[in-house]
Amino acid sequence: MFTKVLIANRGAIAVRIERTLKKMGIASVAVYAQADQDSLHVIRADEAVCLGDGTVRETYLDIDKIIRAAKETGAQAVHPGYGFLSENTDFSAACEKNGIVFIGPTPEQIRLFGLKHSARSLARKAGVPLLPGTDLLSGREEAVRAAAEIGYPVMLKSTAGGGGIGISICRNETDLQNSYDKVCYLAKSNFKDDGVFLEKYVERARHVEVQIFGNAYGEAIAVGERDCSVQRRNQKVVEESPAPNLPQAVRKSMYEAAERLAHAAGYRNAGTVEFLYDEAEERFYFLEVNTRLQVEHGITEEVMGIDLVEWMVREAAGELRDIRSLIGSPKGHAIEVRVYAEDARNQFRPGTGRVDDCCFSSSARIETWIRRNVVVTSLYDPMLAKLIVHGMDRADAIQKMDKTLDETKIYGVTTNLQYLSAILHRPDYQEGRLFTKMLDGFQPEEHTLEVLDGGVQSTIQDYPGMVGYWTVGVPPCGAMDSYSFRLGNRLLGNEEGAAGIEMTMRGGSYRFRTRTSFCLTGADMKASLDGEPVALYRVVNALPGQVLRLGNAVCGMRTYLLVAGGIQVPKIMGSRSTFTDGKFGGHNGRALRTGDTLELRADCFTDSCASFPLEYAPFITHEWTLGVLPGPQPTKEYLAPEYLKTLTEAEYTVNFNSARTGVRLNGPVPQWTREDGGEAGLHPSNIHDNAYAIGTLDLTGDQSILLGPDGPSLGGFICPVTLAKGELWKMGQLHPGDKVRFRLLTLEQAKEIRMAMEKNLSFDYTKAVLPESLPIAADYAILSQGRADDMDYCLRLDGEENLLMEFGRWN
């Protein structure tokens, strides 16, 4: 037996093979492209060899690199998995030449079955039923004559390759004439062989395949069958074993035909004989042989109680005899679904992005390569995982798969999970009435929101954000205008922390893929739903396919799109908010882009028409008065007594260079009581680092900046005043060019504003009026100071929620 095996593959199949090798006590060697460095197959292998950066051809398809990796690591055998080099005769021969065992059929068998016309010829000799068809065609004219003899419709097929590439259904001579050159070109460009042939096309066909296995001692047996009829674009989506509604006599004949073909080829190792089954006639026809492990091999293992990968390894080592004695009667029913990173509503467009989080059901067999923060690229097949369940019977298996899909969550990339769930609920699937074209035109509703245009900077935010991590440098983030944001959630009946979209300056456009109740709050971006105006602070019900468009915010800066149940993204540090500078949280830690899809809850429609009176809603203007509390550092050791008077009497202008980190204000230069910052720096605004609060006015040099929810937690600048909590929302609506004035408040006045805001959030309508200024001196910010235990201390007010404690020995 081998002591070390190299896996010449990636993704879920590599992880699957590693699991069996570990069970067998065999060390595994993974190979990987640089783009796959965080894949589970790399992490779980005993050794890993990097194939460098580049395309598939430069990495996983580079035979020389794979052989070199096997020799350098001392691997005695190579398991090719499926895809890539698994059916490559040059690779199989190269392994043999270098004294490395190829775990699979011989190069001759791969070559024989790799060309469909030669496979048909052997099948004919073995007495396997064939569809009416031709050998390789010499040209278009011969194809037209042959099609007339066979009778339309026909399939024009490339002799090499698979996966539905190089197949065209021709219903008449015009279709055939138009398809001929295209199919030849696809075959040549994808498989380096432009040979094509014709085959009769069965309109309502099923795809049933038989697992075969042979060894070097002349044994070759059938090991169960699988139904792979549920396909989209000739690609399998849902597979099951045994095939439903298949007469036992037909099943027996299929097994016998598959075994005759395997014996005729002297077949070794794992393979699959694929048949087209005409259910109406109860007749089956040979399609092709796959000389490798199939993607769906797991359902055969579940039903037959075997491990095909282990068999493959043992057979390649010459240790597998008397195969038939290793299998018993099939038990129960197994179903597999393929989870792809693809957008089913956009012609199955492959998806890319970072997996923000993934959670798989514990009640299923999971084969996957992804984990949190893995990046899904466009370099490879978009399959993320295979979910496999085994039930007592088909009904039990369907129920288990339905539960598995409901419990499986993948965030950050668009997947077909909801599409798969919808397939299971189709009556024809439930009843086992399967055929290969059953999914044509099938476009079920999805509980998702599609981003058509992300606007200037639209991000997922929630309330109150990532609270509790400020001390380690992680800002809370969250909705910058949390007042408007919270009102929208209240109107929808959401939990206060439900996530929504914060749109900045320009909103963009979004398509609803299911009936959805939503609400817009904050700045007016002149929104429309399929061209009809949408009012702010009112629950609106959208139908599937309707598009919400938002323009520019003329007054104010941020608009919030809230949906019933909230946007479904994973929590990080207790929040669903996006921290764009940190590149985490929300959706991929970034602003939304065209093509993103955001998952909604199944109950995202409430049939509500609730609204909030606009006269009590947050008032957005171009001229703002902001209520602030003195503190933490407006005092005489830093600023002249007249500074607070200047602050409240001057007019500031919002600078265009503002963001969620902070809003810059152009205004008078602060009046300093010192010429420099001493040991802290040359400018009088400099001090040694101290903690900042959200909404603090930070004097960075002579520039005044209101620190935002994404701002720094520490800094080396003086902060004279801090926004009252009930005034923080205004910072999120400050538009470049807006005029700003400040009004000093006491703690009691700040509380009045905050309580008025909370009343409105409870729909106890109250006008939130900013109180008039009272005479407040700079020393209001000093709550306590003195000396204790030979240490000087000073306790400073820093907004309504924070205190700044200074202590040390002062002269």
# chains A, B, ... in the order shown; residues from 1 in each chain; ligands from 1
>>> residues_around(residues="A:Asp322", least_positions_apart="4", cutoff="12 Å", atoms="only C-alpha atoms", output="JSON, numbers by chain")
{"A": [213, 214, 215, 216, 217, 218, 219, 220, 221, 311, 315, 318, 326, 327]}
>>> residues_around(residues="A:Pro382", least_positions_apart="2", cutoff="12 Å", atoms="only C-alpha atoms", output="count of residues only")
30
>>> residues_around(residues="A:Pro630", least_positions_apart="5", cutoff="12 Å", atoms="only C-alpha atoms", output="VMD selection string")
chain A and resid 635 643 to 645 647 to 648 696 to 697 719 to 724 742 to 747 750 775 to 783 796 to 800
>>> write_last_selection(atoms="C-alpha atoms", output="compact mmCIF listing (two decimals), in the first residue's frame")
# COMPACT_ATOMS: atom_id res chain seq x y z
CA THR A 635 -9.91 74.73 29.00
CA TYR A 643 -12.67 80.33 22.00
CA LEU A 644 -16.07 78.96 23.03
CA LYS A 645 -17.63 82.35 22.26
CA LEU A 647 -17.17 78.73 18.28
CA THR A 648 -20.82 79.57 18.96
CA THR A 696 -16.03 65.09 19.16
CA LEU A 697 -14.76 68.24 17.46
CA CYS A 719 -10.93 68.20 21.32
CA PRO A 720 -12.85 71.17 22.78
CA VAL A 721 -16.52 70.06 22.42
CA THR A 722 -18.58 66.94 21.69
CA LEU A 723 -21.95 66.55 19.99
CA ALA A 724 -24.87 65.70 22.23
CA PHE A 742 -22.66 75.42 17.23
CA ARG A 743 -24.74 75.84 20.37
CA LEU A 744 -23.39 74.96 23.82
CA LEU A 745 -25.59 72.69 25.91
CA THR A 746 -25.66 71.45 29.45
CA LEU A 747 -26.05 67.77 30.25
CA ALA A 750 -28.69 67.30 25.98
CA PRO A 775 -24.01 80.77 29.98
CA ILE A 776 -21.54 77.85 30.00
CA ALA A 777 -17.89 78.30 30.81
CA ALA A 778 -15.02 76.14 29.62
CA ASP A 779 -14.51 74.68 33.09
CA TYR A 780 -17.93 72.97 32.76
CA ALA A 781 -15.91 70.24 31.08
CA ILE A 782 -13.91 69.61 34.29
CA LEU A 783 -16.00 67.30 36.46
CA ARG A 796 -13.18 65.52 31.94
CA LEU A 797 -16.61 65.42 30.30
CA ASP A 798 -16.49 63.81 26.84
CA GLY A 799 -20.05 63.88 25.56
CA GLU A 800 -22.95 62.20 27.34
>>> closest_residue(among="A:Arg345, A:Arg44, A:Lys4, A:Arg111", to="A:Glu72", atoms="only C-alpha atoms")
A:Lys4
>>> select_by_dssp(residues="stretch 263-490 of chain A", states="strand (DSSP E or B)", output="number ranges by chain")
A: 269-278, 283-290, 333-340, 342-343, 349-350, 353-354, 357-359, 365-368, 375-376, 383-391, 409-411, 448-453, 457-461
>>> closest_residue(among="A:Thr436, A:Asn269, A:Asn98, A:Thr673", to="A:Val309", atoms="only C-alpha atoms")
A:Asn269
>>> residues_around(residues="A:Asp596", least_positions_apart="3", cutoff="8 Å", atoms="only C-alpha atoms", output="PDB file with C-alpha atoms, in the first residue's frame")
ATOM      1  CA  VAL A 413     -20.945  35.574  -2.738  1.00  0.00           C
ATOM      2  CA  THR A 414     -24.093  34.975  -4.756  1.00  0.00           C
ATOM      3  CA  GLU A 450     -30.044  42.808  -6.615  1.00  0.00           C
ATOM      4  CA  VAL A 451     -27.681  45.771  -6.844  1.00  0.00           C
ATOM      5  CA  LEU A 452     -27.924  47.259 -10.330  1.00  0.00           C
ATOM      6  CA  LEU A 592     -21.894  47.715  -2.842  1.00  0.00           C
ATOM      7  CA  ARG A 593     -21.192  47.085  -6.525  1.00  0.00           C
TER       8      ARG A 593
END
>>> residues_around(residues="stretch 661-665 of chain A", least_positions_apart="3", cutoff="9 Å", atoms="only C-alpha atoms", output="list in words")
Tyr652, Thr653, Val654, Asn655, Phe656, Asn657, Ser658, Gly695, Gln703, Ser704, Ile705, Leu706, Leu707, Gly708, Pro709, Asp710, Gly711, Pro712, Met731, Gly732, Leu734 and Val740 of chain A
>>> write_last_selection(atoms="N, CA, C and O atoms", output="PDB file, in the first residue's frame")
ATOM      1  N   TYR A 652     -19.422  77.978  10.129  1.00  0.00           N
ATOM      2  CA  TYR A 652     -18.480  77.056   9.492  1.00  0.00           C
ATOM      3  C   TYR A 652     -19.109  76.509   8.205  1.00  0.00           C
ATOM      4  O   TYR A 652     -20.331  76.458   8.066  1.00  0.00           O
ATOM      5  N   THR A 653     -18.253  76.088   7.299  1.00  0.00           N
ATOM      6  CA  THR A 653     -18.707  75.499   6.038  1.00  0.00           C
ATOM      7  C   THR A 653     -18.184  74.071   5.941  1.00  0.00           C
ATOM      8  O   THR A 653     -17.007  73.809   6.213  1.00  0.00           O
ATOM      9  N   VAL A 654     -19.076  73.154   5.555  1.00  0.00           N
ATOM     10  CA  VAL A 654     -18.674  71.756   5.424  1.00  0.00           C
ATOM     11  C   VAL A 654     -17.742  71.597   4.225  1.00  0.00           C
ATOM     12  O   VAL A 654     -18.085  71.972   3.098  1.00  0.00           O
ATOM     13  N   ASN A 655     -16.566  71.048   4.483  1.00  0.00           N
ATOM     14  CA  ASN A 655     -15.561  70.834   3.445  1.00  0.00           C
ATOM     15  C   ASN A 655     -15.946  69.627   2.587  1.00  0.00           C
ATOM     16  O   ASN A 655     -16.510  68.653   3.088  1.00  0.00           O
ATOM     17  N   PHE A 656     -15.601  69.683   1.293  1.00  0.00           N
ATOM     18  CA  PHE A 656     -15.919  68.565   0.405  1.00  0.00           C
ATOM     19  C   PHE A 656     -15.152  67.295   0.790  1.00  0.00           C
ATOM     20  O   PHE A 656     -15.575  66.178   0.486  1.00  0.00           O
ATOM     21  N   ASN A 657     -14.011  67.471   1.451  1.00  0.00           N
ATOM     22  CA  ASN A 657     -13.175  66.325   1.830  1.00  0.00           C
ATOM     23  C   ASN A 657     -13.645  65.753   3.170  1.00  0.00           C
ATOM     24  O   ASN A 657     -12.930  65.791   4.168  1.00  0.00           O
ATOM     25  N   SER A 658     -14.868  65.258   3.183  1.00  0.00           N
ATOM     26  CA  SER A 658     -15.459  64.692   4.393  1.00  0.00           C
ATOM     27  C   SER A 658     -15.882  63.261   4.113  1.00  0.00           C
ATOM     28  O   SER A 658     -16.120  62.874   2.962  1.00  0.00           O
ATOM     29  N   GLY A 695     -18.328  62.023  17.457  1.00  0.00           N
ATOM     30  CA  GLY A 695     -18.979  63.322  17.514  1.00  0.00           C
ATOM     31  C   GLY A 695     -18.147  64.408  18.169  1.00  0.00           C
ATOM     32  O   GLY A 695     -18.599  65.555  18.300  1.00  0.00           O
ATOM     33  N   GLN A 703      -7.529  73.027  11.524  1.00  0.00           N
ATOM     34  CA  GLN A 703      -8.736  72.481  10.896  1.00  0.00           C
ATOM     35  C   GLN A 703      -9.628  71.842  11.957  1.00  0.00           C
ATOM     36  O   GLN A 703      -9.164  71.109  12.822  1.00  0.00           O
ATOM     37  N   SER A 704     -10.923  72.125  11.887  1.00  0.00           N
ATOM     38  CA  SER A 704     -11.886  71.527  12.811  1.00  0.00           C
ATOM     39  C   SER A 704     -12.551  70.335  12.129  1.00  0.00           C
ATOM     40  O   SER A 704     -13.041  70.450  11.003  1.00  0.00           O
ATOM     41  N   ILE A 705     -12.549  69.176  12.809  1.00  0.00           N
ATOM     42  CA  ILE A 705     -13.127  67.952  12.236  1.00  0.00           C
ATOM     43  C   ILE A 705     -14.048  67.299  13.256  1.00  0.00           C
ATOM     44  O   ILE A 705     -13.644  67.033  14.388  1.00  0.00           O
ATOM     45  N   LEU A 706     -15.287  67.034  12.843  1.00  0.00           N
ATOM     46  CA  LEU A 706     -16.207  66.258  13.670  1.00  0.00           C
ATOM     47  C   LEU A 706     -15.905  64.780  13.432  1.00  0.00           C
ATOM     48  O   LEU A 706     -16.050  64.284  12.312  1.00  0.00           O
ATOM     49  N   LEU A 707     -15.481  64.068  14.462  1.00  0.00           N
ATOM     50  CA  LEU A 707     -15.080  62.679  14.306  1.00  0.00           C
ATOM     51  C   LEU A 707     -16.290  61.784  14.077  1.00  0.00           C
ATOM     52  O   LEU A 707     -17.235  61.781  14.869  1.00  0.00           O
ATOM     53  N   GLY A 708     -16.241  60.991  12.980  1.00  0.00           N
ATOM     54  CA  GLY A 708     -17.365  60.151  12.589  1.00  0.00           C
ATOM     55  C   GLY A 708     -17.294  58.750  13.170  1.00  0.00           C
ATOM     56  O   GLY A 708     -16.331  58.376  13.860  1.00  0.00           O
ATOM     57  N   PRO A 709     -18.298  57.930  12.876  1.00  0.00           N
ATOM     58  CA  PRO A 709     -18.381  56.574  13.458  1.00  0.00           C
ATOM     59  C   PRO A 709     -17.307  55.618  12.954  1.00  0.00           C
ATOM     60  O   PRO A 709     -17.110  54.552  13.526  1.00  0.00           O
ATOM     61  N   ASP A 710     -16.624  55.978  11.860  1.00  0.00           N
ATOM     62  CA  ASP A 710     -15.524  55.149  11.353  1.00  0.00           C
ATOM     63  C   ASP A 710     -14.167  55.765  11.674  1.00  0.00           C
ATOM     64  O   ASP A 710     -13.142  55.333  11.140  1.00  0.00           O
ATOM     65  N   GLY A 711     -14.157  56.774  12.530  1.00  0.00           N
ATOM     66  CA  GLY A 711     -12.939  57.523  12.804  1.00  0.00           C
ATOM     67  C   GLY A 711     -11.981  56.817  13.743  1.00  0.00           C
ATOM     68  O   GLY A 711     -12.237  55.705  14.216  1.00  0.00           O
ATOM     69  N   PRO A 712     -10.880  57.469  14.058  1.00  0.00           N
ATOM     70  CA  PRO A 712      -9.869  56.874  14.935  1.00  0.00           C
ATOM     71  C   PRO A 712     -10.306  56.872  16.391  1.00  0.00           C
ATOM     72  O   PRO A 712     -11.055  57.742  16.837  1.00  0.00           O
ATOM     73  N   MET A 731     -24.681  64.855  11.938  1.00  0.00           N
ATOM     74  CA  MET A 731     -23.361  64.726  11.327  1.00  0.00           C
ATOM     75  C   MET A 731     -23.442  63.883  10.043  1.00  0.00           C
ATOM     76  O   MET A 731     -22.713  64.123   9.078  1.00  0.00           O
ATOM     77  N   GLY A 732     -24.336  62.886  10.031  1.00  0.00           N
ATOM     78  CA  GLY A 732     -24.480  62.038   8.863  1.00  0.00           C
ATOM     79  C   GLY A 732     -25.138  62.716   7.682  1.00  0.00           C
ATOM     80  O   GLY A 732     -25.093  62.184   6.563  1.00  0.00           O
ATOM     81  N   LEU A 734     -24.594  66.138   6.924  1.00  0.00           N
ATOM     82  CA  LEU A 734     -23.879  67.348   6.531  1.00  0.00           C
ATOM     83  C   LEU A 734     -23.324  67.197   5.118  1.00  0.00           C
ATOM     84  O   LEU A 734     -22.504  66.331   4.839  1.00  0.00           O
ATOM     85  N   VAL A 740     -22.744  75.585   9.118  1.00  0.00           N
ATOM     86  CA  VAL A 740     -22.880  74.969  10.435  1.00  0.00           C
ATOM     87  C   VAL A 740     -22.601  75.993  11.528  1.00  0.00           C
ATOM     88  O   VAL A 740     -21.617  76.745  11.446  1.00  0.00           O
TER      89      VAL A 740
END
>>> closest_residue(among="A:Val238, A:Val554, A:Ala8, A:Val303", to="A:Tyr429", atoms="only C-alpha atoms")
A:Val238
>>> select_by_dssp(residues="stretch 54-164 of chain A", states="alpha helix (DSSP H)", output="MDAnalysis selection string")
chainID A and resid 63:73 89:97 107:114 116:125 140:150
>>> residues_around(residues="A:Leu795", least_positions_apart="4", cutoff="9 Å", atoms="only C-alpha atoms", output="list in words")
Pro632, Ala781, Ile782, Leu783, Ser784, Gln785, Leu803, Leu804, Met805, Glu806 and Phe807 of chain A
>>> closest_residue(among="A:Gln231, A:Gln546, A:Ser421, A:Gln294", to="A:Glu209", atoms="only C-alpha atoms")
A:Gln294
